[in-house]
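Read the structure below first, then the notes.
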Amino acid sequence: MTDPVTPVSGATSSVLTTAAAPLPEAGWSKLSNRMLVRVSGPGTDKFLQGQFSQHLDEVVAGYSPRAAAATPKGRAYCLTRLVRDGADIVMDLDTALAESTLAHLRKYLMLFRGTSADLIADGCIFGLLGDSDAQKLAGEAVSDLKRPGDSLALDHGFLIRVEPTAEGLPRFEFWQTDDSTTGLDTRDERSLTDWQASEIAAGIAALTEQTKEAFVPQMLNWQHVGGVHFKKGCYTGQEIIARMHFLGQLKKSLYRFRLETTVPPEPGKSILAGERSVGSVVNSVALQNGTCELLAVVRHDAADDELTVDGLDGRMLVQLPLPYAVPEREKSPQTDT
C-alpha cells in the first residue's frame, strides 16, 4: 500500500510522506532541508564568537556543539552546530532560511578582512537512525562517540552523535563535505520525514520563516542540548539570554505533544488553554498511524491544562516525554515573559 502524501509543517519540500510509526530502528535519510557553510579566514573564531551562543574555544576536534545566533533582543534567528575543520568552522543552515541568515551574518563579517562564509557546493548532511550505519562509516571508532556532540573526522566529512529520541533510539549525523560516495546502502534509505519525526522525538527544535526571531534560545531548550554557553563573553543578544538564565526568568519552554489529526499544524499556530493563548507550535509532522507529533513553546504554568491548537477545537494535546530534563519548569515563577 502506498503511504499517504502529507505536507510536513515547516518543511522545504512540497511533497513528503508521513513518518513511520514507530520510527525505523535503522536506516538513513538525506537531509535536503539543511546545507553546509564553511567559515574560513583569519577572523573565523572572533567573528563567530561575537555572533553565536557557543564558546569557540570549546569547538574542537572531537567535539562539535550546537549554537544559536540571535538578534540584539535575544531572539534566535539561526539554530546550528559548529564543527572544527582545521582552522575553519563548518556549520549547518536551514535551506529555506540560509539566504537571509547569511545576508544577516555578512553584515558583521565585513568587519573581518579576509574571512568568508560560503556554502559548500558539494556538501550534504545525512541523518542516521540507529547504530548500524554509523558503524559502517566509522568502524570501531564509533565507540568513541559517547555523548551528543562528540564527533569524528572521517575521510570525506564528519560523523557526529546527536541526541537520541525519548524512546531511546540512537541517532547520528554524517556531514559530507565533498562529492564522494558515502557507501550507505540505498536499500536502507528512509524519508526526510522520518528524520524530522526523530528530531521532534529528540526534542530538537528547528526554526522556520514563521518562527525565526520569535523565541529566546532557552525557550527552545537550546541550553539543554548544549547550544548555549552562559560563561562566554559578549555576543549579539547575550545580555537578554544571560539575564533570563541567571535571574531565573524563563517562564516558557519547549514541550513535545501528540495530536489526533492527519494534518500537522503550521509553525506559529497558537496553543490555547480555553480561549487563552499560552504558546505556539514550533514544528510538527504527520505519522502513518493517523496522528501527528509536534514541538511547541508553552507557558510552564499552563502546560498541564487541557490544551488545543487554534483551529483544531476539541482535539486535545497529549504531552509526550523528552530525552532530557528541563529543570526550569519546576522553579518557574507564575508570571508572564
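Lettering and numbering for the C-alpha cells are positional, with chains as A, B, ... in the shown order, residues counted from 1 in each chain, and ligands counted from 1 in the shown order.
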
- Polymer residues at most 6 Å from A:Gly127, only C-alpha atoms, same-chain spacing of 3 or more positions, as a PyMOL selection string: chain A and resi 28-29+173

- Query: DSSP on the backbone: what in stretch 231-276 of chain A comes out helix (DSSP H, G or I), as a list in words?
  - Reply: Gln238, Glu239, Ile240, Ile241, Ala242, Arg243, Met244, His245 and Phe246 of chain A

Would you mind exporting the chosen residues as an mmCIF file, in the first residue's frame, restricted to N, CA and C atoms?
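New file part-v5.cif:
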```
data_model
loop_
_atom_site.group_PDB
_atom_site.id
_atom_site.type_symbol
_atom_site.label_atom_id
_atom_site.label_comp_id
_atom_site.auth_asym_id
_atom_site.auth_seq_id
_atom_site.Cartn_x
_atom_site.Cartn_y
_atom_site.Cartn_z
ATOM 1 N N GLN A 238 23.414 38.532 23.884
ATOM 2 C CA GLN A 238 23.894 37.862 25.094
ATOM 3 C C GLN A 238 23.285 38.423 26.369
ATOM 4 N N GLU A 239 23.070 39.727 26.420
ATOM 5 C CA GLU A 239 22.566 40.338 27.655
ATOM 6 C C GLU A 239 21.194 39.777 28.025
ATOM 7 N N ILE A 240 20.310 39.680 27.037
ATOM 8 C CA ILE A 240 18.964 39.149 27.288
ATOM 9 C C ILE A 240 19.025 37.665 27.639
ATOM 10 N N ILE A 241 19.816 36.899 26.875
ATOM 11 C CA ILE A 241 19.918 35.453 27.080
ATOM 12 C C ILE A 241 20.491 35.147 28.458
ATOM 13 N N ALA A 242 21.557 35.858 28.845
ATOM 14 C CA ALA A 242 22.182 35.614 30.148
ATOM 15 C C ALA A 242 21.272 36.052 31.294
ATOM 16 N N ARG A 243 20.609 37.178 31.134
ATOM 17 C CA ARG A 243 19.727 37.650 32.202
ATOM 18 C C ARG A 243 18.608 36.658 32.458
ATOM 19 N N MET A 244 18.025 36.128 31.399
ATOM 20 C CA MET A 244 16.944 35.154 31.564
ATOM 21 C C MET A 244 17.435 33.929 32.328
ATOM 22 N N HIS A 245 18.681 33.547 32.078
ATOM 23 C CA HIS A 245 19.238 32.368 32.747
ATOM 24 C C HIS A 245 19.570 32.654 34.206
ATOM 25 N N PHE A 246 20.350 33.689 34.451
ATOM 26 C CA PHE A 246 20.873 33.915 35.798
ATOM 27 C C PHE A 246 19.837 34.474 36.763
#
```

- What separation in Å, quoted to one decimal, exists between atom CA of A:Leu97 and atom CA of A:Gly268?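 Separation of atom CA of A:Leu97 and atom CA of A:Gly268: 15.8 Å.
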
- Message: Measuring between only C-alpha atoms, which one of A:Leu82, A:Val318, A:Ala117, A:Met219 shows the shortest distance to A:Phe158?
- Response: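 When distances to A:Phe158 are compared using only C-alpha atoms, the smallest one comes from A:Leu82.
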
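Picture a line from atom CA of A:Leu294 to atom CA of A:Ala26; it runs 22.2 Å.
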
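In terms of minimum interatomic distance to A:Leu272, A:Asp310 ranks closest within A:Asp301, A:Asp310, A:Asp45, A:Asp88, counting only C-alpha atoms.
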